[in-house]
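Novice: This structure is in structure tokens; I'll ask about it shortly.
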Amino acid sequence: MTAWPAAAQSPAPAGRSFLWRVQSATGVLYLAGSVHALGASAYPLSAAFEQAFDASRTLVEEIDLAEADMLTTGPLLLSKGMYQDGRTFDLVVSADTAKLIADRLKDSPLSMDLLRPMKPWMVNLMLSAIEMQKAGLDPAMGLDKHFFDRATAGGKTVVGLETAASQIDRLDRMPEAVQEQMLLGTIRDSDAARGSLSTLVTAWQRGDAVAMEKIVLAGFSEFPGAYTSLIVERNRNWMPRLEACLTQGSACFVVVGAAHLVGPDGLLANLERRGYRLEQR
């Protein structure tokens with residue numbers, strides 16, 4: 001496995017955030033790893049986040065949240081996430097998986113009748129949302145939403161690295177066998193799943209990239225195809241826009257999922273390999 005870049009090799013010193021200053025000869029960007037759903041206890045953020053945001057004219061996020069409200073993404077989710085050819089979830093997945101889901105739904109507000117028209121990746125999204133809610137995490141309090149609201153109120157430029165449609169397409173293009181495997185990973189043990197979410201948030205709060213790397217790589221260990229599609233390829237696609245930030249006169253504040261920063265294929269490693277100077281804040 002490729003070695004970690006020196007800038008993120010060791011656990012973060014006390015008081016560091018999940019935030020890096022990236023310096024080139026001509027520009028600066030601040031790269032923040034986001035947890036897309038947080039609780040009230042995550043706020044207020046550290047001064048490092050606030051200072052980096054205030055020093056930047058442009059907010060760069062995975063998607064421009066102004067274009068991703070449910071009025072626009074809801075119909076797309078329904079059209080992509082639902083079978084249109086007469087198939088149903090319980091007939092596409094194995095009998096064991098269908099029974100596991102049916103048993104799980106006994107303790108949830110969902111029903112098998114509601115999920116039956118859905119593809120496995122859509123069912124996974126629904127169950128993951130329930131697990132986040134049980135863990136006390138709210139997407140409306142996620143780091144990307146927090147800074148999007150502030151950027152909008154402050155008149156900063158907001159740039160999306162991709163669209164909601166492209167994110168949905170990536171999920172929809174995954175083979176159904178991989179979709180089912182990822183779903184099984186989500187539901188295997190609800191208590192463990194909530195524990196993993198808690199561990200992830202704790203690593204983020206401590207700025208602990210090493211712990212975050214272990215969580216991310218363990219989560220994808222059984223799903224190399226999904227890891228390539230959801231992490232590696234997207235990171236590669238984002239690099240030109242990040243490098244463009246490093247050639248302009250004003251700083252960019254970049255907020256993407258923390259999973260995209262860490263590991264041998266992470267943005268930190270990619271930036272380090274290209275010769276940029278990284279400093280955790």
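The chains in the structure tokens are called A, B, ... from first to last as shown; in each chain the residues are counted from 1, and the ligands are counted from 1 in the order shown.
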Would you kindly return, as an NGL selection string, each protein, DNA or RNA residue with an atom no farther than 12 Å from any atom of Val93 (chain A), considering only C-alpha atoms and excluding same-chain residues fewer than 2 positions away?

Specialist: :A and (87-91 or 95-101 or 116 or 118-121 or 123 or 175-184)

Novice: Could you work out how far CA of Asp138 (chain A) lies from CA of Leu38 (chain A), giving the answer in Å with one decimal?

Specialist: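 Atom-to-atom, CA of Leu38 (chain A) to CA of Asp138 (chain A), that is 5.3 Å.
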
Novice: Tell me, counting only C-alpha atoms, for each residue of region 129-155 of chain A within 12 Å of region 61-64 of chain A, which pair of atoms is nearest and how far apart they are in Å to one decimal, in rows ordered by chain and increasing number, as CSV.

Specialist:
residue,atom,partner,partner_atom,distance
A:Leu143,CA,A:Glu61,CA,10.3
A:Asp144,CA,A:Glu61,CA,7.0
A:Lys145,CA,A:Glu61,CA,9.6
A:His146,CA,A:Glu61,CA,11.5
A:Phe147,CA,A:Glu61,CA,9.4
A:Phe148,CA,A:Asp64,CA,8.2
A:Asp149,CA,A:Asp64,CA,11.1
A:Ala151,CA,A:Glu61,CA,11.2
A:Thr152,CA,A:Asp64,CA,10.8

Novice: Could you turn the residues from that selection into a file that holds N, CA and C atoms, as an mmCIF file, in the first residue's frame?

Specialist:
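Here's the written file result-v1.cif:
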data_model
loop_
_atom_site.group_PDB
_atom_site.id
_atom_site.type_symbol
_atom_site.label_atom_id
_atom_site.label_comp_id
_atom_site.auth_asym_id
_atom_site.auth_seq_id
_atom_site.Cartn_x
_atom_site.Cartn_y
_atom_site.Cartn_z
ATOM 1 N N LEU A 143 -21.211 19.884 7.970
ATOM 2 C CA LEU A 143 -20.245 20.959 7.754
ATOM 3 C C LEU A 143 -20.461 21.655 6.421
ATOM 4 N N ASP A 144 -20.779 20.895 5.372
ATOM 5 C CA ASP A 144 -20.980 21.507 4.064
ATOM 6 C C ASP A 144 -22.198 22.427 4.074
ATOM 7 N N LYS A 145 -23.281 22.007 4.717
ATOM 8 C CA LYS A 145 -24.477 22.856 4.806
ATOM 9 C C LYS A 145 -24.192 24.114 5.626
ATOM 10 N N HIS A 146 -23.442 23.957 6.707
ATOM 11 C CA HIS A 146 -23.095 25.092 7.570
ATOM 12 C C HIS A 146 -22.367 26.171 6.775
ATOM 13 N N PHE A 147 -21.338 25.754 6.029
ATOM 14 C CA PHE A 147 -20.556 26.757 5.298
ATOM 15 C C PHE A 147 -21.266 27.233 4.034
ATOM 16 N N PHE A 148 -22.112 26.393 3.445
ATOM 17 C CA PHE A 148 -22.901 26.870 2.310
ATOM 18 C C PHE A 148 -23.825 28.006 2.741
ATOM 19 N N ASP A 149 -24.488 27.830 3.874
ATOM 20 C CA ASP A 149 -25.371 28.880 4.375
ATOM 21 C C ASP A 149 -24.607 30.161 4.654
ATOM 22 N N ALA A 151 -21.695 31.072 3.304
ATOM 23 C CA ALA A 151 -21.196 31.636 2.052
ATOM 24 C C ALA A 151 -22.316 32.377 1.312
ATOM 25 N N THR A 152 -23.499 31.795 1.312
ATOM 26 C CA THR A 152 -24.638 32.431 0.655
ATOM 27 C C THR A 152 -24.980 33.759 1.324
#

Novice: Choose the residue, out of A:Gln280, A:Leu115, A:Met174, A:Ser166, that has the smallest atom-to-atom separation from Pro224 (chain A); count only C-alpha atoms.

Specialist: A:Met174

Novice: Give me the residues within 12 Å of Leu197 (chain A) as a PyMOL selection string, counting only C-alpha atoms and dropping any in the same chain fewer than 6 places off.

Specialist: chain A and resi 35-39+128-129+131-137+186+190-191+203-204+212+215-216+219

Novice: Keeping only N, CA and C atoms, write those residues as a tab-separated table (two decimals), in the first residue's frame.

Specialist:
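Wrote it out as result15.tsv, contents follow:
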chain	number	residue	atom	x	y	z
A	35	VAL	N	-18.03	16.00	7.75
A	35	VAL	CA	-19.00	14.97	8.10
A	35	VAL	C	-20.34	15.55	7.66
A	36	HIS	N	-21.02	14.86	6.76
A	36	HIS	CA	-22.19	15.44	6.11
A	36	HIS	C	-23.39	15.55	7.04
A	37	ALA	N	-23.35	14.88	8.19
A	37	ALA	CA	-24.42	15.00	9.19
A	37	ALA	C	-23.76	15.09	10.56
A	38	LEU	N	-24.12	16.11	11.31
A	38	LEU	CA	-23.53	16.32	12.63
A	38	LEU	C	-24.63	16.63	13.64
A	39	GLY	N	-24.23	16.72	14.90
A	39	GLY	CA	-25.15	17.14	15.96
A	39	GLY	C	-24.77	18.51	16.47
A	128	SER	N	-29.49	4.09	5.83
A	128	SER	CA	-28.39	4.87	6.37
A	128	SER	C	-28.91	6.15	7.01
A	129	ALA	N	-29.92	6.77	6.39
A	129	ALA	CA	-30.51	7.98	6.95
A	129	ALA	C	-31.14	7.70	8.31
A	131	GLU	N	-30.19	5.31	10.40
A	131	GLU	CA	-29.11	5.09	11.35
A	131	GLU	C	-28.49	6.41	11.81
A	132	MET	N	-28.33	7.36	10.89
A	132	MET	CA	-27.81	8.67	11.27
A	132	MET	C	-28.74	9.37	12.26
A	133	GLN	N	-30.04	9.26	11.99
A	133	GLN	CA	-31.01	9.88	12.89
A	133	GLN	C	-30.93	9.25	14.27
A	134	LYS	N	-30.83	7.91	14.34
A	134	LYS	CA	-30.71	7.23	15.62
A	134	LYS	C	-29.45	7.65	16.37
A	135	ALA	N	-28.40	7.98	15.61
A	135	ALA	CA	-27.13	8.40	16.23
A	135	ALA	C	-27.14	9.88	16.61
A	136	GLY	N	-28.26	10.56	16.35
A	136	GLY	CA	-28.36	11.97	16.71
A	136	GLY	C	-27.69	12.90	15.73
A	137	LEU	N	-27.50	12.45	14.49
A	137	LEU	CA	-26.84	13.26	13.47
A	137	LEU	C	-27.87	13.79	12.49
A	186	THR	N	-24.18	-2.15	5.71
A	186	THR	CA	-24.88	-1.13	6.49
A	186	THR	C	-25.75	-1.75	7.57
A	190	SER	N	-26.81	-3.05	13.61
A	190	SER	CA	-27.20	-1.65	13.79
A	190	SER	C	-26.42	-0.99	14.91
A	191	ASP	N	-26.19	-1.70	16.01
A	191	ASP	CA	-25.44	-1.12	17.11
A	191	ASP	C	-24.02	-0.80	16.68
A	203	ALA	N	-13.17	11.00	15.46
A	203	ALA	CA	-11.92	11.18	14.71
A	203	ALA	C	-11.92	12.52	13.99
A	204	TRP	N	-13.05	12.90	13.45
A	204	TRP	CA	-13.15	14.20	12.76
A	204	TRP	C	-12.94	15.35	13.75
A	212	MET	N	-9.25	8.24	10.88
A	212	MET	CA	-10.24	8.34	9.80
A	212	MET	C	-9.88	7.41	8.66
A	215	ILE	N	-10.97	3.89	9.46
A	215	ILE	CA	-12.42	3.73	9.37
A	215	ILE	C	-12.84	3.62	7.91
A	216	VAL	N	-12.31	4.50	7.06
A	216	VAL	CA	-12.70	4.54	5.66
A	216	VAL	C	-12.27	3.27	4.94
A	219	GLY	N	-14.23	0.28	6.01
A	219	GLY	CA	-15.59	0.30	5.49
A	219	GLY	C	-15.70	-0.15	4.05

Novice: Using only C-alpha atoms, which protein or nucleic acid residues come within 10 Å of Thr247 (chain A)? Drop anything in the same chain fewer than 4 positions from it, and give the result as a ChimeraX atom specification.

Specialist: /A:24-29,242-243,251

Novice: Store the residues picked out above, limited to C-alpha atoms, as a short mmCIF file (atom, residue, chain, number, x, y, z; two decimals), in the first residue's frame.

Specialist:
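Dumped everything to part.cif:
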data_model
loop_
_atom_site.label_atom_id
_atom_site.label_comp_id
_atom_site.auth_asym_id
_atom_site.auth_seq_id
_atom_site.Cartn_x
_atom_site.Cartn_y
_atom_site.Cartn_z
CA SER A 24 1.62 26.41 -3.99
CA ALA A 25 4.05 28.97 -5.39
CA THR A 26 1.12 31.06 -6.57
CA GLY A 27 -1.86 30.38 -4.32
CA VAL A 28 -3.53 28.83 -1.29
CA LEU A 29 -6.50 26.64 -0.63
CA LEU A 242 -8.35 22.10 -6.74
CA GLU A 243 -5.19 22.90 -8.65
CA ALA A 251 -7.95 31.54 -1.57
#

Novice: Just want the 12 Å neighbourhood of Glu67 (chain A), counted on only C-alpha atoms, with same-chain residues fewer than 3 positions away dropped. Output as a ChimeraX atom specification.

Specialist: /A:62-64,70-74,148,158-160,162-165

Novice: With N, CA and C atoms kept, could you save the residues just selected as a CSV table (one decimal), in the first residue's frame?

Specialist:
chain,number,residue,atom,x,y,z
A,62,GLU,N,-18.7,19.5,-2.8
A,62,GLU,CA,-18.9,18.4,-3.7
A,62,GLU,C,-20.0,18.8,-4.7
A,63,ILE,N,-21.1,19.4,-4.2
A,63,ILE,CA,-22.1,19.9,-5.1
A,63,ILE,C,-22.5,21.3,-4.6
A,64,ASP,N,-23.0,22.1,-5.5
A,64,ASP,CA,-23.6,23.4,-5.1
A,64,ASP,C,-25.0,23.1,-4.5
A,70,MET,N,-34.6,19.2,-2.5
A,70,MET,CA,-35.4,18.0,-2.8
A,70,MET,C,-36.4,18.2,-4.0
A,71,LEU,N,-36.7,19.5,-4.3
A,71,LEU,CA,-37.6,19.7,-5.4
A,71,LEU,C,-36.9,19.3,-6.8
A,72,THR,N,-35.6,19.4,-6.8
A,72,THR,CA,-34.9,19.0,-8.0
A,72,THR,C,-34.3,17.6,-7.9
A,73,THR,N,-33.7,17.2,-6.8
A,73,THR,CA,-33.1,15.9,-6.7
A,73,THR,C,-34.1,14.8,-6.4
A,74,GLY,N,-35.3,15.2,-5.7
A,74,GLY,CA,-36.3,14.2,-5.4
A,74,GLY,C,-36.8,13.4,-6.6
A,148,PHE,N,-22.1,26.4,3.4
A,148,PHE,CA,-22.9,26.9,2.3
A,148,PHE,C,-23.8,28.0,2.7
A,158,VAL,N,-19.9,30.3,-4.8
A,158,VAL,CA,-20.0,28.8,-4.4
A,158,VAL,C,-19.8,28.0,-5.7
A,159,VAL,N,-18.9,27.0,-5.7
A,159,VAL,CA,-18.6,26.2,-6.8
A,159,VAL,C,-18.8,24.7,-6.4
A,160,GLY,N,-19.5,24.0,-7.3
A,160,GLY,CA,-19.7,22.6,-7.1
A,160,GLY,C,-18.7,21.8,-7.9
A,162,GLU,N,-19.1,18.6,-8.6
A,162,GLU,CA,-19.9,17.7,-9.5
A,162,GLU,C,-21.4,18.1,-9.2
A,163,THR,N,-22.3,17.4,-9.8
A,163,THR,CA,-23.7,17.6,-9.7
A,163,THR,C,-24.3,16.5,-8.9
A,164,ALA,N,-25.5,16.8,-8.3
A,164,ALA,CA,-26.3,15.8,-7.7
A,164,ALA,C,-26.6,14.7,-8.6
A,165,ALA,N,-26.9,15.0,-9.9
A,165,ALA,CA,-27.2,14.0,-10.9
A,165,ALA,C,-26.1,13.1,-11.1

Novice: Rank nothing, just name the residue among A:Gly154, A:Pro109, A:Gly185, A:Gly142 nearest to Glu222 (chain A), using only C-alpha atoms.

Specialist: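 Closest to Glu222 (chain A) of all the choices is A:Gly185.
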
Novice: Give me, as a PyMOL selection string, the residues of region 1-171 of chain A that a backbone DSSP run labels helix (DSSP H, G or I).

Specialist: chain A and resi 6-8+40-42+47-54+65-67+70-81+89-92+95-107+112-115+120-134+139-141+143-154+164-171

Novice: Would you save the residues from that selection as a PDB file, in the first residue's frame, using C-alpha atoms?

Specialist:
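And here is the file that came out, out.pdb:
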ATOM      1  CA  ALA A   6       4.389  13.172   5.580  1.00  0.00           C
ATOM      2  CA  ALA A   7       1.911  15.968   6.254  1.00  0.00           C
ATOM      3  CA  ALA A   8      -0.650  13.490   7.563  1.00  0.00           C
ATOM      4  CA  ALA A  40     -25.365  20.409  17.841  1.00  0.00           C
ATOM      5  CA  SER A  41     -22.385  19.422  19.998  1.00  0.00           C
ATOM      6  CA  ALA A  42     -20.083  19.858  16.967  1.00  0.00           C
ATOM      7  CA  ALA A  47     -11.183  29.043  15.262  1.00  0.00           C
ATOM      8  CA  ALA A  48      -9.103  27.404  12.503  1.00  0.00           C
ATOM      9  CA  PHE A  49     -12.224  26.675  10.442  1.00  0.00           C
ATOM     10  CA  GLU A  50     -13.555  30.192  10.915  1.00  0.00           C
ATOM     11  CA  GLN A  51     -10.248  31.853  10.033  1.00  0.00           C
ATOM     12  CA  ALA A  52      -9.804  29.753   6.892  1.00  0.00           C
ATOM     13  CA  PHE A  53     -13.356  30.443   5.739  1.00  0.00           C
ATOM     14  CA  ASP A  54     -13.030  34.178   6.374  1.00  0.00           C
ATOM     15  CA  LEU A  65     -26.326  22.902  -2.516  1.00  0.00           C
ATOM     16  CA  ALA A  66     -28.417  25.618  -4.165  1.00  0.00           C
ATOM     17  CA  GLU A  67     -28.994  23.157  -7.011  1.00  0.00           C
ATOM     18  CA  MET A  70     -35.408  17.989  -2.822  1.00  0.00           C
ATOM     19  CA  LEU A  71     -37.554  19.740  -5.441  1.00  0.00           C
ATOM     20  CA  THR A  72     -34.863  18.983  -8.020  1.00  0.00           C
ATOM     21  CA  THR A  73     -33.130  15.879  -6.661  1.00  0.00           C
ATOM     22  CA  GLY A  74     -36.269  14.159  -5.364  1.00  0.00           C
ATOM     23  CA  PRO A  75     -37.716  13.343  -8.802  1.00  0.00           C
ATOM     24  CA  LEU A  76     -34.275  12.234 -10.010  1.00  0.00           C
ATOM     25  CA  LEU A  77     -33.841   9.928  -7.023  1.00  0.00           C
ATOM     26  CA  LEU A  78     -37.244   8.414  -7.685  1.00  0.00           C
ATOM     27  CA  SER A  79     -36.601   7.913 -11.386  1.00  0.00           C
ATOM     28  CA  LYS A  80     -33.146   6.382 -10.884  1.00  0.00           C
ATOM     29  CA  GLY A  81     -33.669   4.633  -7.556  1.00  0.00           C
ATOM     30  CA  PHE A  89     -36.040  -5.311  -4.510  1.00  0.00           C
ATOM     31  CA  ASP A  90     -37.056  -8.560  -2.831  1.00  0.00           C
ATOM     32  CA  LEU A  91     -36.710 -10.477  -6.108  1.00  0.00           C
ATOM     33  CA  VAL A  92     -33.363  -8.922  -7.110  1.00  0.00           C
ATOM     34  CA  ALA A  95     -33.721 -14.400  -0.072  1.00  0.00           C
ATOM     35  CA  ASP A  96     -31.462 -14.022   2.980  1.00  0.00           C
ATOM     36  CA  THR A  97     -30.952 -10.315   2.299  1.00  0.00           C
ATOM     37  CA  ALA A  98     -34.671  -9.756   1.746  1.00  0.00           C
ATOM     38  CA  LYS A  99     -35.480 -11.484   5.055  1.00  0.00           C
ATOM     39  CA  LEU A 100     -32.796  -9.492   6.871  1.00  0.00           C
ATOM     40  CA  ILE A 101     -34.290  -6.259   5.584  1.00  0.00           C
ATOM     41  CA  ALA A 102     -37.831  -7.342   6.476  1.00  0.00           C
ATOM     42  CA  ASP A 103     -36.694  -8.158  10.025  1.00  0.00           C
ATOM     43  CA  ARG A 104     -34.886  -4.826  10.316  1.00  0.00           C
ATOM     44  CA  LEU A 105     -37.959  -2.888   9.212  1.00  0.00           C
ATOM     45  CA  LYS A 106     -39.907  -4.121  12.224  1.00  0.00           C
ATOM     46  CA  ASP A 107     -38.093  -1.473  14.307  1.00  0.00           C
ATOM     47  CA  MET A 112     -41.204  -3.619   2.907  1.00  0.00           C
ATOM     48  CA  ASP A 113     -44.077  -2.437   0.735  1.00  0.00           C
ATOM     49  CA  LEU A 114     -42.425   1.002   0.605  1.00  0.00           C
ATOM     50  CA  LEU A 115     -38.981  -0.399  -0.214  1.00  0.00           C
ATOM     51  CA  PRO A 120     -30.526  -1.823  -3.367  1.00  0.00           C
ATOM     52  CA  TRP A 121     -28.533   1.437  -3.401  1.00  0.00           C
ATOM     53  CA  MET A 122     -31.711   3.417  -2.740  1.00  0.00           C
ATOM     54  CA  VAL A 123     -32.689   1.103   0.116  1.00  0.00           C
ATOM     55  CA  ASN A 124     -29.187   1.612   1.509  1.00  0.00           C
ATOM     56  CA  LEU A 125     -29.637   5.398   1.430  1.00  0.00           C
ATOM     57  CA  MET A 126     -32.935   5.111   3.269  1.00  0.00           C
ATOM     58  CA  LEU A 127     -31.579   2.815   5.991  1.00  0.00           C
ATOM     59  CA  SER A 128     -28.387   4.875   6.370  1.00  0.00           C
ATOM     60  CA  ALA A 129     -30.507   7.982   6.947  1.00  0.00           C
ATOM     61  CA  ILE A 130     -32.380   6.172   9.719  1.00  0.00           C
ATOM     62  CA  GLU A 131     -29.105   5.087  11.347  1.00  0.00           C
ATOM     63  CA  MET A 132     -27.811   8.673  11.268  1.00  0.00           C
ATOM     64  CA  GLN A 133     -31.007   9.877  12.886  1.00  0.00           C
ATOM     65  CA  LYS A 134     -30.711   7.227  15.623  1.00  0.00           C
ATOM     66  CA  PRO A 139     -27.671  16.541   7.570  1.00  0.00           C
ATOM     67  CA  ALA A 140     -28.969  20.068   8.154  1.00  0.00           C
ATOM     68  CA  MET A 141     -26.085  20.487  10.619  1.00  0.00           C
ATOM     69  CA  LEU A 143     -20.245  20.959   7.754  1.00  0.00           C
ATOM     70  CA  ASP A 144     -20.980  21.507   4.064  1.00  0.00           C
ATOM     71  CA  LYS A 145     -24.477  22.856   4.806  1.00  0.00           C
ATOM     72  CA  HIS A 146     -23.095  25.092   7.570  1.00  0.00           C
ATOM     73  CA  PHE A 147     -20.556  26.757   5.298  1.00  0.00           C
ATOM     74  CA  PHE A 148     -22.901  26.870   2.310  1.00  0.00           C
ATOM     75  CA  ASP A 149     -25.371  28.880   4.375  1.00  0.00           C
ATOM     76  CA  ARG A 150     -22.621  31.208   5.541  1.00  0.00           C
ATOM     77  CA  ALA A 151     -21.196  31.636   2.052  1.00  0.00           C
ATOM     78  CA  THR A 152     -24.638  32.431   0.655  1.00  0.00           C
ATOM     79  CA  ALA A 153     -25.329  34.975   3.381  1.00  0.00           C
ATOM     80  CA  GLY A 154     -21.887  36.540   2.914  1.00  0.00           C
ATOM     81  CA  ALA A 164     -26.293  15.803  -7.662  1.00  0.00           C
ATOM     82  CA  ALA A 165     -27.228  14.012 -10.874  1.00  0.00           C
ATOM     83  CA  SER A 166     -23.685  12.702 -11.342  1.00  0.00           C
ATOM     84  CA  GLN A 167     -23.593  11.452  -7.742  1.00  0.00           C
ATOM     85  CA  ILE A 168     -26.862   9.577  -8.227  1.00  0.00           C
ATOM     86  CA  ASP A 169     -25.623   8.141 -11.531  1.00  0.00           C
ATOM     87  CA  ARG A 170     -22.517   6.754  -9.819  1.00  0.00           C
ATOM     88  CA  LEU A 171     -24.641   4.887  -7.304  1.00  0.00           C
TER      89      LEU A 171
END

Novice: Could you tell me, as a PyMOL selection string, which residues of region 57-238 of chain A DSSP assigns to strand (DSSP E) when given the backbone?

Specialist: chain A and resi 57-61+157-160
